[in-house]
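Chemist: CSV, C-alpha atoms, saved as my_file-v8.csv, coming up:
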chain,number,residue,atom,x,y,z
A,1375,MET,CA,112.2,122.6,79.2
A,1376,GLY,CA,110.9,119.4,80.7
A,1377,THR,CA,112.3,118.0,83.9
A,1378,ALA,CA,113.4,114.4,84.6
A,1379,ASP,CA,110.3,113.9,86.8
A,1380,ASP,CA,108.0,115.0,84.0
A,1381,GLU,CA,109.5,112.3,81.7
A,1382,GLU,CA,109.3,109.6,84.4
A,1383,ILE,CA,113.0,109.0,85.0
A,1384,LYS,CA,113.9,105.6,86.5
A,1385,ILE,CA,117.0,105.2,88.6
A,1386,ARG,CA,118.3,101.9,89.6
A,1387,ILE,CA,121.5,100.0,90.5
A,1388,TYR,CA,123.8,99.1,87.7
A,1389,ASP,CA,123.3,95.6,86.3
A,1390,ARG,CA,126.3,94.3,84.4
A,1391,ARG,CA,124.3,91.9,82.3
A,1392,ILE,CA,122.2,94.6,80.6
A,1393,ASP,CA,124.1,97.8,81.3
A,1394,ARG,CA,127.8,97.2,80.6
A,1395,THR,CA,127.8,98.0,76.9
A,1396,ARG,CA,125.3,100.8,77.3
A,1397,VAL,CA,127.4,102.5,80.0
A,1398,GLU,CA,130.5,102.2,77.9
A,1399,ASP,CA,128.7,103.8,75.0
A,1400,LEU,CA,127.5,106.6,77.2
A,1401,GLU,CA,131.0,107.2,78.4
A,1402,ARG,CA,132.2,107.6,74.8
A,1403,LYS,CA,129.5,110.1,74.1
A,1404,CYS,CA,130.2,112.2,77.2
A,1405,GLU,CA,133.1,114.6,76.7
A,1406,VAL,CA,134.9,115.9,79.8
A,1407,GLY,CA,137.9,118.2,79.7
A,1408,PRO,CA,139.5,121.5,80.5
A,1409,GLY,CA,138.5,123.4,77.3
A,1410,ASP,CA,136.1,123.7,74.4
A,1411,ASN,CA,138.4,122.0,72.0
A,1412,ILE,CA,140.1,119.3,74.1
A,1413,PHE,CA,138.2,116.4,75.7
A,1414,LEU,CA,139.2,113.5,77.8
A,1415,PHE,CA,137.7,110.1,77.2
A,1416,THR,CA,137.9,107.1,79.6
A,1417,ASN,CA,138.3,103.5,78.4
A,1418,THR,CA,137.2,101.2,81.3
A,1419,MET,CA,138.3,98.1,79.3
A,1420,GLY,CA,135.1,96.3,79.8
A,1421,ASP,CA,134.6,97.1,83.5
A,1422,PRO,CA,132.6,100.3,84.1
A,1423,LEU,CA,133.0,99.7,87.9
A,1424,CYS,CA,136.8,99.8,87.6
A,1425,ARG,CA,137.2,103.2,89.3
A,1426,ILE,CA,135.3,102.2,92.5
A,1427,ARG,CA,135.8,98.4,92.6
A,1428,ASN,CA,138.8,98.7,94.9
A,1429,SER,CA,136.8,100.6,97.6
A,1430,LEU,CA,135.3,98.9,100.6
A,1431,LEU,CA,131.7,99.8,99.8
A,1432,TYR,CA,130.6,101.1,96.4
A,1433,VAL,CA,127.7,101.5,94.0
A,1434,MET,CA,126.9,102.6,90.5
A,1435,LEU,CA,123.5,104.0,89.6
A,1436,VAL,CA,122.0,104.4,86.2
A,1437,ALA,CA,119.2,106.6,84.9
A,1438,GLU,CA,116.8,105.6,82.2
A,1439,LEU,CA,114.2,107.6,80.3
A,1440,HIS,CA,111.8,105.6,78.2
A,1441,ALA,CA,114.2,102.6,78.4
A,1442,GLU,CA,117.1,104.7,77.1
A,1443,LEU,CA,120.1,104.8,79.5
A,1444,VAL,CA,120.8,108.6,79.8
A,1445,GLY,CA,123.0,109.0,82.9
A,1446,VAL,CA,125.2,107.3,85.4
A,1447,ILE,CA,126.9,108.1,88.8
A,1448,GLN,CA,129.2,106.2,91.1
A,1449,GLY,CA,129.8,106.4,94.8
A,1450,SER,CA,132.1,104.9,97.4
A,1451,ILE,CA,132.3,104.9,101.2
A,1452,LYS,CA,135.2,104.8,103.6
A,1453,ILE,CA,136.2,106.0,107.1
A,1454,THR,CA,138.8,108.8,107.2
A,1455,THR,CA,140.3,111.3,109.5
A,1456,LEU,CA,138.3,114.5,109.1
A,1457,GLY,CA,140.9,116.9,110.5
A,1458,SER,CA,143.7,117.2,113.0
A,1459,SER,CA,141.6,118.7,115.8
A,1460,PRO,CA,140.9,116.5,117.7
A,1461,PRO,CA,143.3,114.0,116.1
A,1462,THR,CA,141.0,111.1,116.7
A,1463,ASP,CA,138.1,112.7,114.8
A,1464,LYS,CA,136.9,110.1,112.3
A,1465,ALA,CA,134.0,110.3,109.9
A,1466,ILE,CA,132.2,108.0,107.4
A,1467,MET,CA,132.7,109.7,104.1
A,1468,GLY,CA,130.9,109.2,100.8
A,1469,TYR,CA,132.7,110.1,97.6
A,1470,ILE,CA,130.8,111.1,94.4
A,1471,LEU,CA,132.4,110.5,91.1
A,1472,GLY,CA,131.7,109.6,87.5
A,1473,LEU,CA,128.5,111.7,87.0
A,1474,ARG,CA,127.6,111.5,83.3
A,1475,VAL,CA,124.5,112.6,81.5
A,1476,LEU,CA,124.0,112.3,77.7
A,1477,PRO,CA,124.2,115.7,76.0
A,1478,PRO,CA,120.6,115.7,74.7
A,1479,HIS,CA,119.2,115.0,78.2
A,1480,ARG,CA,121.2,117.6,80.1
A,1481,ARG,CA,119.5,120.4,82.0
A,1482,LYS,CA,116.4,118.2,82.5
A,1483,GLY,CA,117.1,117.2,86.2
A,1484,VAL,CA,118.8,113.9,85.4
A,1485,GLY,CA,122.0,114.8,87.2
A,1486,MET,CA,120.2,116.1,90.2
A,1487,ALA,CA,118.0,112.9,90.4
A,1488,LEU,CA,121.1,110.7,90.3
A,1489,VAL,CA,122.9,112.7,93.0
A,1490,ARG,CA,119.8,112.6,95.2
A,1491,LYS,CA,119.4,108.9,94.9
A,1492,LEU,CA,123.1,108.4,95.7
A,1493,GLU,CA,122.8,110.6,98.7
A,1494,GLY,CA,120.0,108.3,99.9
A,1495,TRP,CA,122.3,105.3,99.5
A,1496,PHE,CA,124.9,107.1,101.5
A,1497,VAL,CA,122.5,107.9,104.3
A,1498,ALA,CA,121.2,104.3,104.4
A,1499,ASN,CA,124.9,103.3,105.0
A,1500,GLY,CA,125.6,105.8,107.8
A,1501,VAL,CA,127.6,108.3,105.9
A,1502,ASP,CA,128.4,111.6,107.7
A,1503,PHE,CA,129.6,113.7,104.8
A,1504,ALA,CA,129.5,113.5,101.0
A,1505,TYR,CA,132.2,115.1,98.9
A,1506,MET,CA,133.1,115.5,95.3
A,1507,ALA,CA,135.8,117.0,93.1
A,1508,THR,CA,135.4,119.1,89.9
A,1509,GLU,CA,137.3,121.6,87.8
A,1510,LYS,CA,137.0,125.1,89.1
A,1511,ASP,CA,135.7,126.3,85.6
A,1512,ASN,CA,133.0,123.6,85.3
A,1513,LYS,CA,130.1,125.9,85.7
A,1514,ALA,CA,127.4,123.3,85.1
A,1515,SER,CA,128.8,121.0,87.8
A,1516,LEU,CA,129.3,123.9,90.3
A,1517,LYS,CA,125.8,125.1,89.8
A,1518,LEU,CA,124.4,121.7,90.4
A,1519,PHE,CA,126.3,120.9,93.5
A,1520,THR,CA,126.8,124.2,95.2
A,1521,GLN,CA,123.6,126.1,94.2
A,1522,LYS,CA,121.0,123.3,94.0
A,1523,LEU,CA,122.4,120.5,96.2
A,1524,GLY,CA,123.9,122.5,99.1
A,1525,PHE,CA,127.5,121.5,98.8
A,1526,LEU,CA,130.2,123.9,100.1
A,1527,LYS,CA,133.6,124.6,98.5
A,1528,PHE,CA,136.4,123.7,100.9
A,1529,ARG,CA,139.7,122.6,99.3
A,1530,THR,CA,141.6,123.4,96.1
A,1531,PRO,CA,144.4,120.9,95.7
A,1532,SER,CA,146.7,121.0,92.6
A,1533,ILE,CA,146.8,118.1,90.1
A,1534,LEU,CA,150.4,117.9,88.8
A,1535,VAL,CA,151.1,116.0,85.6
A,1536,ASN,CA,154.6,115.0,84.5
A,1537,PRO,CA,155.1,113.6,81.0
A,1538,VAL,CA,157.2,110.5,80.7
A,1539,ARG,CA,160.2,111.1,78.5
A,1540,TYR,CA,162.3,108.6,76.5
A,1541,HIS,CA,165.3,109.0,78.8
A,1542,ALA,CA,165.8,108.4,82.5
A,1543,MET,CA,166.1,111.4,84.8
A,1544,ARG,CA,169.3,111.7,86.8
A,1545,LEU,CA,169.2,110.5,90.4
A,1546,SER,CA,171.5,112.1,92.9
A,1547,PRO,CA,174.1,109.7,94.3
A,1548,ASN,CA,173.8,111.5,97.6
A,1549,VAL,CA,170.2,110.2,98.1
A,1550,LYS,CA,169.4,106.8,99.6
A,1551,PHE,CA,166.2,105.1,98.5
A,1552,VAL,CA,164.6,102.4,100.6
A,1553,LYS,CA,161.6,100.4,99.5
A,1554,LEU,CA,159.4,99.5,102.5
A,1555,ASN,CA,157.4,96.4,102.9
A,1556,ILE,CA,153.7,96.7,103.5
A,1557,GLN,CA,153.8,96.5,107.2
A,1558,GLN,CA,156.6,99.1,107.4
A,1559,ALA,CA,154.7,101.4,105.0
A,1560,GLU,CA,151.5,101.1,107.0
A,1561,SER,CA,153.3,101.9,110.3
A,1562,LEU,CA,155.0,104.9,108.8
A,1563,TYR,CA,151.9,106.3,107.2
A,1564,ARG,CA,149.9,106.0,110.4
A,1565,ARG,CA,152.7,107.6,112.4
A,1566,SER,CA,153.4,110.5,110.0
A,1567,MET,CA,150.0,111.1,108.2
A,1568,GLY,CA,147.5,109.7,110.6
A,1569,LYS,CA,146.2,113.2,111.4
A,1570,ALA,CA,146.1,114.3,107.8
A,1571,GLU,CA,142.8,115.3,106.3
A,1572,PHE,CA,141.1,112.3,104.6
A,1573,PHE,CA,143.6,109.8,105.8
A,1574,PRO,CA,141.9,106.5,105.2
A,1575,ASN,CA,141.3,104.1,108.1
A,1576,ASP,CA,141.9,101.2,105.7
A,1577,ILE,CA,145.4,102.3,104.5
A,1578,ASP,CA,146.5,98.7,104.9
A,1579,ARG,CA,143.9,97.7,102.3
A,1580,ILE,CA,145.3,100.3,99.8
A,1581,LEU,CA,148.9,99.2,100.3
A,1582,LYS,CA,148.0,95.5,99.8
A,1583,ASN,CA,146.2,96.1,96.6
A,1584,ARG,CA,147.8,94.7,93.5
A,1585,LEU,CA,147.7,98.2,91.9
A,1586,SER,CA,149.9,99.7,94.6
A,1587,LEU,CA,153.4,99.2,93.2
A,1588,GLY,CA,155.2,100.0,96.4
A,1589,THR,CA,156.2,102.6,99.0
A,1590,TRP,CA,159.6,104.3,99.0
A,1591,VAL,CA,161.5,106.5,101.5
A,1592,ALA,CA,164.4,108.8,100.5
A,1593,TYR,CA,166.9,110.4,102.8
A,1594,PRO,CA,170.5,111.8,102.6
A,1595,ARG,CA,173.2,109.1,102.4
A,1596,GLU,CA,175.5,111.1,104.7
A,1597,ASP,CA,172.9,111.5,107.5
A,1598,LYS,CA,174.9,110.2,110.4
A,1599,SER,CA,171.8,109.9,112.6
A,1600,CYS,CA,170.5,107.2,110.3
A,1601,CYS,CA,173.3,104.6,110.0
A,1602,LYS,CA,170.6,101.9,109.8
A,1603,PHE,CA,167.1,103.0,108.7
A,1604,ASP,CA,164.5,101.9,111.3
A,1605,ILE,CA,161.0,103.3,111.1
A,1606,ASP,CA,160.3,102.2,114.7
A,1607,SER,CA,163.3,104.0,116.3
A,1608,ASP,CA,163.7,107.8,116.6
A,1609,CYS,CA,167.4,107.4,117.1
A,1610,CYS,CA,167.8,105.6,113.7
A,1611,PHE,CA,165.5,107.9,111.8
A,1612,PRO,CA,166.8,110.6,109.4
A,1613,THR,CA,166.5,114.3,110.2
A,1614,SER,CA,165.3,114.9,106.6
A,1615,TRP,CA,163.3,112.4,104.7
A,1616,ALA,CA,160.4,112.0,102.2
A,1617,MET,CA,158.1,109.2,101.2
A,1618,LEU,CA,155.5,108.3,98.6
A,1619,SER,CA,153.6,105.3,97.1
A,1620,VAL,CA,152.8,104.5,93.5
A,1621,TRP,CA,149.5,103.3,92.1
A,1622,ASN,CA,149.2,101.9,88.6
A,1623,SER,CA,145.9,103.4,87.4
A,1624,GLY,CA,146.6,102.4,83.9
A,1625,ASP,CA,146.1,98.7,84.8
A,1626,ILE,CA,142.3,99.3,85.3
A,1627,PHE,CA,141.4,102.0,82.8
A,1628,LYS,CA,142.9,104.1,80.0
A,1629,LEU,CA,142.6,107.7,79.1
A,1630,ARG,CA,142.6,109.4,75.7
A,1631,VAL,CA,142.6,113.0,74.6
A,1632,GLY,CA,140.2,113.7,71.8
A,1633,LYS,CA,139.4,116.7,69.5
A,1634,ALA,CA,142.8,118.3,70.1
A,1635,PRO,CA,143.9,120.9,67.6
A,1636,MET,CA,146.3,119.7,64.9
A,1637,SER,CA,149.0,122.0,66.3
A,1638,CYS,CA,148.9,120.1,69.6
A,1639,ILE,CA,149.3,116.8,67.8
A,1640,MET,CA,152.2,118.1,65.7
A,1641,PHE,CA,153.9,119.6,68.7
A,1642,SER,CA,153.5,116.2,70.5
A,1643,LYS,CA,155.2,114.3,67.7
A,1644,THR,CA,157.9,116.9,67.1
A,1645,SER,CA,158.8,117.3,70.7
A,1646,ARG,CA,159.1,113.6,71.3
A,1647,LEU,CA,161.3,113.1,68.3
A,1648,ILE,CA,163.6,115.9,69.4
A,1649,ASP,CA,163.7,114.5,73.0
A,1650,CYS,CA,164.6,111.1,71.6
A,1651,VAL,CA,167.4,112.3,69.4
A,1652,PHE,CA,168.7,115.2,71.5
A,1653,PRO,CA,168.0,114.4,75.2
A,1654,CYS,CA,170.6,117.0,76.3
A,1655,LEU,CA,168.3,119.8,75.2
A,1656,ASN,CA,165.9,118.9,78.1
A,1657,LEU,CA,163.0,119.9,75.9
A,1658,GLN,CA,159.5,120.1,77.4
A,1659,THR,CA,157.6,117.3,75.7
A,1660,LEU,CA,154.0,116.4,75.1
A,1661,PRO,CA,153.5,112.7,75.2
A,1662,ASN,CA,151.2,110.8,72.8
A,1663,VAL,CA,148.0,111.2,74.7
A,1664,PHE,CA,145.8,111.0,71.6
A,1665,ASP,CA,145.8,107.2,71.7
A,1666,PRO,CA,144.7,105.3,74.9
A,1667,PHE,CA,147.3,105.5,77.6
A,1668,GLY,CA,147.9,104.6,81.2
A,1669,PHE,CA,149.4,106.6,84.1
A,1670,TYR,CA,151.0,106.2,87.5
A,1671,PHE,CA,149.5,108.1,90.4
A,1672,MET,CA,151.8,109.1,93.3
A,1673,TYR,CA,150.0,109.1,96.6
A,1674,GLY,CA,150.8,109.5,100.3
A,1675,LEU,CA,153.5,112.2,99.6
A,1676,HIS,CA,155.0,113.3,102.9
A,1677,HIS,CA,158.2,115.1,103.8
A,1678,GLU,CA,160.0,116.3,106.9
A,1679,GLY,CA,163.2,118.2,107.6
A,1680,PRO,CA,165.2,121.0,106.1
A,1681,ARG,CA,166.3,119.0,103.0
A,1682,ALA,CA,163.0,117.4,102.3
A,1683,GLY,CA,162.2,119.3,99.2
A,1684,LYS,CA,165.2,117.9,97.3
A,1685,LEU,CA,164.3,114.4,98.5
A,1686,VAL,CA,160.7,114.8,97.2
A,1687,ARG,CA,162.2,115.7,93.8
A,1688,SER,CA,164.5,112.7,93.9
A,1689,LEU,CA,161.6,110.3,94.6
A,1690,CYS,CA,159.5,111.8,91.8
A,1691,ARG,CA,162.4,111.3,89.4
A,1692,MET,CA,162.7,107.7,90.5
A,1693,VAL,CA,159.0,107.1,89.8
A,1694,HIS,CA,159.4,108.7,86.3
A,1695,ASN,CA,162.2,106.3,85.6
A,1696,MET,CA,160.0,103.4,86.7
A,1697,ALA,CA,157.3,104.7,84.3
A,1698,ILE,CA,159.7,104.5,81.4
A,1699,GLU,CA,159.7,100.7,81.8
A,1700,SER,CA,156.0,100.5,81.4
A,1701,SER,CA,154.7,100.0,77.9
A,1702,ASP,CA,151.8,102.4,78.1
A,1703,CYS,CA,152.4,104.8,81.0
A,1704,LYS,CA,152.6,108.3,79.4
A,1705,VAL,CA,152.3,110.5,82.4
A,1706,VAL,CA,153.0,110.5,86.2
A,1707,VAL,CA,150.3,112.3,88.2
A,1708,THR,CA,149.8,113.4,91.7
A,1709,GLU,CA,147.4,115.6,93.7
A,1710,VAL,CA,148.7,117.7,96.6
A,1711,GLU,CA,147.5,120.6,98.7
A,1712,ASP,CA,148.9,124.0,97.8
A,1713,SER,CA,152.2,123.4,99.5
A,1714,LYS,CA,155.1,125.4,98.0
A,1715,THR,CA,157.6,122.8,99.1
A,1716,LEU,CA,155.8,120.1,97.2
A,1717,ARG,CA,154.7,122.0,94.2
A,1718,LEU,CA,158.1,123.5,93.6
A,1719,ASN,CA,159.9,120.1,93.9
A,1720,ILE,CA,157.5,117.8,92.0
A,1721,PRO,CA,158.5,117.7,88.3
A,1722,HIS,CA,155.4,118.7,86.3
A,1723,SER,CA,154.2,120.4,83.1
A,1724,GLU,CA,152.3,123.6,83.7
A,1725,GLN,CA,150.4,123.0,80.4
A,1726,LEU,CA,149.1,119.6,81.5
A,1727,SER,CA,148.6,120.3,85.2
A,1728,CYS,CA,145.6,121.8,87.0
A,1729,SER,CA,146.4,124.4,89.6
A,1730,GLU,CA,143.0,124.1,91.3
A,1731,ASP,CA,140.9,121.0,91.5
A,1732,LEU,CA,137.9,122.1,93.5
A,1733,TRP,CA,136.6,119.9,96.3
A,1734,CYS,CA,133.1,120.4,97.7
A,1735,ILE,CA,131.5,118.8,100.8
A,1736,LYS,CA,128.0,118.4,102.4
A,1737,ALA,CA,126.9,117.1,105.7
A,1738,LEU,CA,124.3,114.3,105.3
A,1739,LYS,CA,123.8,113.7,109.1
A,1740,MET,CA,122.7,117.2,110.2
A,1741,SER,CA,123.4,116.7,113.9
A,1742,GLU,CA,124.8,119.6,115.9
A,1743,GLU,CA,128.1,117.8,116.1
A,1744,ASN,CA,128.4,117.4,112.3
A,1745,LYS,CA,127.4,121.0,111.8
A,1746,ASN,CA,130.3,122.1,114.0
A,1747,ARG,CA,132.7,119.7,112.3
A,1748,LEU,CA,131.7,121.0,108.9
A,1749,ASN,CA,132.0,124.6,109.9
A,1750,GLY,CA,135.4,123.9,111.4
A,1751,LEU,CA,136.5,122.2,108.2
A,1752,ILE,CA,135.3,125.1,106.0
A,1753,ARG,CA,136.9,127.8,108.2
A,1754,THR,CA,140.2,125.9,108.7
A,1755,PRO,CA,143.1,127.2,106.5
A,1756,HIS,CA,144.2,124.8,103.9
A,1757,PRO,CA,146.1,121.9,105.6
A,1758,SER,CA,149.8,121.3,104.9
A,1759,THR,CA,149.0,117.6,104.5
A,1760,LEU,CA,146.1,116.1,102.5
A,1761,PHE,CA,145.8,112.5,101.7
A,1762,VAL,CA,144.4,111.8,98.2
A,1763,ASP,CA,143.1,108.3,98.0
A,1764,PRO,CA,144.3,106.6,94.8
A,1765,ARG,CA,141.1,104.6,94.6
A,1766,GLU,CA,139.3,107.8,93.9
A,1767,VAL,CA,141.4,109.1,91.0
Output the file's structure as structure tokens, nothing else.

Modeler:
Amino acid sequence: MGTADDEEIKIRIYDRRIDRTRVEDLERKCEVGPGDNIFLFTNTMGDPLCRIRNSLLYVMLVAELHAELVGVIQGSIKITTLGSSPPTDKAIMGYILGLRVLPPHRRKGVGMALVRKLEGWFVANGVDFAYMATEKDNKASLKLFTQKLGFLKFRTPSILVNPVRYHAMRLSPNVKFVKLNIQQAESLYRRSMGKAEFFPNDIDRILKNRLSLGTWVAYPREDKSCCKFDIDSDCCFPTSWAMLSVWNSGDIFKLRVGKAPMSCIMFSKTSRLIDCVFPCLNLQTLPNVFDPFGFYFMYGLHHEGPRAGKLVRSLCRMVHNMAIESSDCKVVVTEVEDSKTLRLNIPHSEQLSCSEDLWCIKALKMSEENKNRLNGLIRTPHPSTLFVDPREV
């Protein structure tokens, strides 16, 4: 089988004037998903750069063979906390996403050529480490990145998906919700999650983005240590509390499930009908994901104290009720490290969720310091707190 080099592949930066419709067409032809019969399609609504446009520095590369556009890849750059030891350890990170190759041109080296070119762009911009995420069962992706490109597996967070029902979830009257302003949210995030893996240095930029719908804190109403909530004062801070922020991903791109079995489609329609008529049954529903839909992404989940689990659950229910008001938000999604407290208290559907989203990493600056940092990261047990950047969803 011929390689990309044999067929004179050309890789260049995306040019909206000539590439937009071709990239959108390629996206429609590339099926991604968890199984052989169900595929996920992305509708970028006329902006192929929508998933990276909110990052500080980004690029999209396209691959051409004989003037035909056969592959694309995207990358973004940011400064993050690499780990909690030492707490000031920062790194310039390059994130790889959106690698697509047309089916007839796969296994010809197109994907590898795209990643190599993107790595070169990362290096030219001072990136210390490149990382990517894939499904643990995606054998082709794992072979490319771990066997051919030298990436190492290092984290397996869970993607939790909660269908949006017709009816609001009950919120406990014993829980107080406070919406923070941007300055308060930034201060509390830097204070509580500043040492978390992949905590972004530009958290303020994320919180100020129009897609960020807000940040909320929940704590028990009867907490006498918190008669007046003050994030800057330990004496006015609750003993148990939880926080999260919400990102409206559906405002920049839509998803659609394709090639689903008829049984799934019928179950979706039937379960939604029953839930609408008999909400008291609390039936597990499957939303209409067969037409383009949007979703909310919960990020920056953090909790402290003996009652924090119930407070996380209350916040997630509040977000679900927010999503009901949206015309096209069909699911609420989050991605968290394998924390029992979080996983058990975040409402989600086991059928729609992914228990292990595999993250892989590679050092691009092979200094002795970076080698030690990478080895330390690989050997470190999974952290209790992992910040998943909503711009990379």

Chemist: Can you measure atom CA of A:Thr1530 to atom CA of A:Ala1465 for me? One decimal in Å is fine.

Modeler: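 Taking atom CA of A:Thr1530 as the start and atom CA of A:Ala1465 as the end point, the length is 20.5 Å.
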
Chemist: Name all residues at most 8 Å from A:Val1706 (count all atoms listed in the file; drop same-chain ones fewer than 2 positions away) and give them as a list of chain:residue names.

Modeler: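 Here the qualifying residues turn out to be A:Val1535, A:Asn1536, A:Pro1537, A:Val1538, A:Phe1669, A:Tyr1670, A:Phe1671, A:Met1672, A:Val1693, A:His1694, A:Ala1697, A:Cys1703, A:Lys1704, A:Thr1708.
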
Chemist: Have a look at A:Ala1507, A:Met1567, A:Leu1629, A:Leu1545 and name the one nearest to A:Met1692; count all atoms listed in the file.

Modeler: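 Looking only at the distances to A:Met1692, the closest residue turns out to be A:Leu1545.
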
Chemist: Report, in Å with one decimal, the straight-line distance from atom CA of A:Leu1726 to atom CA of A:Lys1684.

Modeler: 22.6 Å

Chemist: With only C-alpha atoms as the basis for distance, which of A:Arg1595, A:Arg1386, A:Arg1394, A:Arg1747 is at the shortest distance from A:Ser1546?

Modeler: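 Going through A:Arg1595, A:Arg1386, A:Arg1394, A:Arg1747 one by one, the smallest distance to A:Ser1546 is for A:Arg1595.
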
Chemist: Which polymer residues, whether protein, DNA or RNA, lie within 7 Å of the coordinate (136.2, 112.5, 90.7) when you count only C-alpha atoms? List them as an mmCIF file with C-alpha atoms, in the coordinates of the input, using the chain letters and numbers from the file.

Modeler:
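Written file, point.cif:
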data_model
loop_
_atom_site.group_PDB
_atom_site.id
_atom_site.type_symbol
_atom_site.label_atom_id
_atom_site.label_comp_id
_atom_site.auth_asym_id
_atom_site.auth_seq_id
_atom_site.Cartn_x
_atom_site.Cartn_y
_atom_site.Cartn_z
ATOM 1 C CA ILE A 1470 130.800 111.100 94.400
ATOM 2 C CA LEU A 1471 132.400 110.500 91.100
ATOM 3 C CA GLY A 1472 131.700 109.600 87.500
ATOM 4 C CA MET A 1506 133.100 115.500 95.300
ATOM 5 C CA ALA A 1507 135.800 117.000 93.100
ATOM 6 C CA THR A 1508 135.400 119.100 89.900
ATOM 7 C CA GLU A 1766 139.300 107.800 93.900
ATOM 8 C CA VAL A 1767 141.400 109.100 91.000
#

Chemist: Check the smallest atom-to-atom distance from each of A:Met1467, A:Ile1453, A:Leu1562, A:Val1475 to A:Gly1674 using all atoms listed in the file, then report the winner.

Modeler: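 Among A:Met1467, A:Ile1453, A:Leu1562, A:Val1475, it is A:Leu1562 that comes nearest to A:Gly1674.
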
Chemist: Against stretch 1612-1627 of chain A, which residues of stretch 1546-1605 of chain A fall within 7 Å? For each one I want the closest pair of atoms and the distance in Å (one decimal), counting only C-alpha atoms, rows by chain and increasing residue number, as a tab-separated table.

Modeler:
residue	atom	partner	partner_atom	distance
A:Leu1585	CA	A:Asn1622	CA	5.2
A:Ser1586	CA	A:Trp1621	CA	4.4
A:Leu1587	CA	A:Val1620	CA	5.3
A:Gly1588	CA	A:Ser1619	CA	5.6
A:Thr1589	CA	A:Ser1619	CA	4.2
A:Trp1590	CA	A:Met1617	CA	5.6
A:Val1591	CA	A:Met1617	CA	4.4
A:Ala1592	CA	A:Ala1616	CA	5.4
A:Tyr1593	CA	A:Trp1615	CA	4.5
A:Asp1597	CA	A:Pro1612	CA	6.5
A:Ser1599	CA	A:Pro1612	CA	6.0
A:Cys1600	CA	A:Pro1612	CA	5.1

Chemist: For A:Pro1721, list every protein, DNA or RNA residue within 9 Å, evaluated using all atoms listed in the file, and leave out those in the same chain fewer than 2 positions away; present the list as a list in words.

Modeler: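 Listing them by chain and then by number gives Leu1534, Val1535, Asn1536, Arg1687, Cys1690, Arg1691, Arg1717, Leu1718, Asn1719 and Ser1723 of chain A.
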
Chemist: Just the selected residues (C-alpha atoms), exported as a JSON list (two decimals), in the frame of the given file, please.

Modeler:
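Wrote selection05.json, looks like this:
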[["chain", "number", "residue", "atom", "x", "y", "z"],
["A", 1534, "LEU", "CA", 150.40, 117.90, 88.80],
["A", 1535, "VAL", "CA", 151.10, 116.00, 85.60],
["A", 1536, "ASN", "CA", 154.60, 115.00, 84.50],
["A", 1687, "ARG", "CA", 162.20, 115.70, 93.80],
["A", 1690, "CYS", "CA", 159.50, 111.80, 91.80],
["A", 1691, "ARG", "CA", 162.40, 111.30, 89.40],
["A", 1717, "ARG", "CA", 154.70, 122.00, 94.20],
["A", 1718, "LEU", "CA", 158.10, 123.50, 93.60],
["A", 1719, "ASN", "CA", 159.90, 120.10, 93.90],
["A", 1723, "SER", "CA", 154.20, 120.40, 83.10]]

Chemist: Near stretch 1491-1503 of chain A, counting only C-alpha atoms, which residues have an atom at most 6 Å away, once you skip same-chain residues fewer than 4 positions from it, shown as a PyMOL selection string?

Modeler: chain A and resi 1466-1467+1736-1739

Chemist: Restricting the calculation to only C-alpha atoms: of A:Arg1579, A:Phe1611, A:Leu1689, A:Pro1680, which residue gets closest to A:Ile1720?

Modeler: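 For A:Ile1720, the nearest of the candidates is A:Leu1689.
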
Chemist: Using only C-alpha atoms, which protein or nucleic acid residues come within 8 Å of A:Leu1473? Drop anything in the same chain fewer than 4 positions from it, and give the result as a list in words.

Modeler: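 With the cut-off at 8 Å, the set is Gly1445, Val1446, Ile1447, Gln1448 and Gly1485 of chain A.
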
Chemist: Mind pulling up the distance from atom CA of A:Val1552 to atom CA of A:Glu1571?

Modeler: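 Taking atom CA of A:Glu1571 as the start and atom CA of A:Val1552 as the end point, the length is 26.0 Å.
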
Chemist: May I ask which of the residues A:Arg1402, A:Arg1564, A:Ala1504, A:Ile1698 is the closest one to A:Leu1476, counting all atoms listed in the file?

Modeler: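 Looking only at the distances to A:Leu1476, the closest residue turns out to be A:Arg1402.
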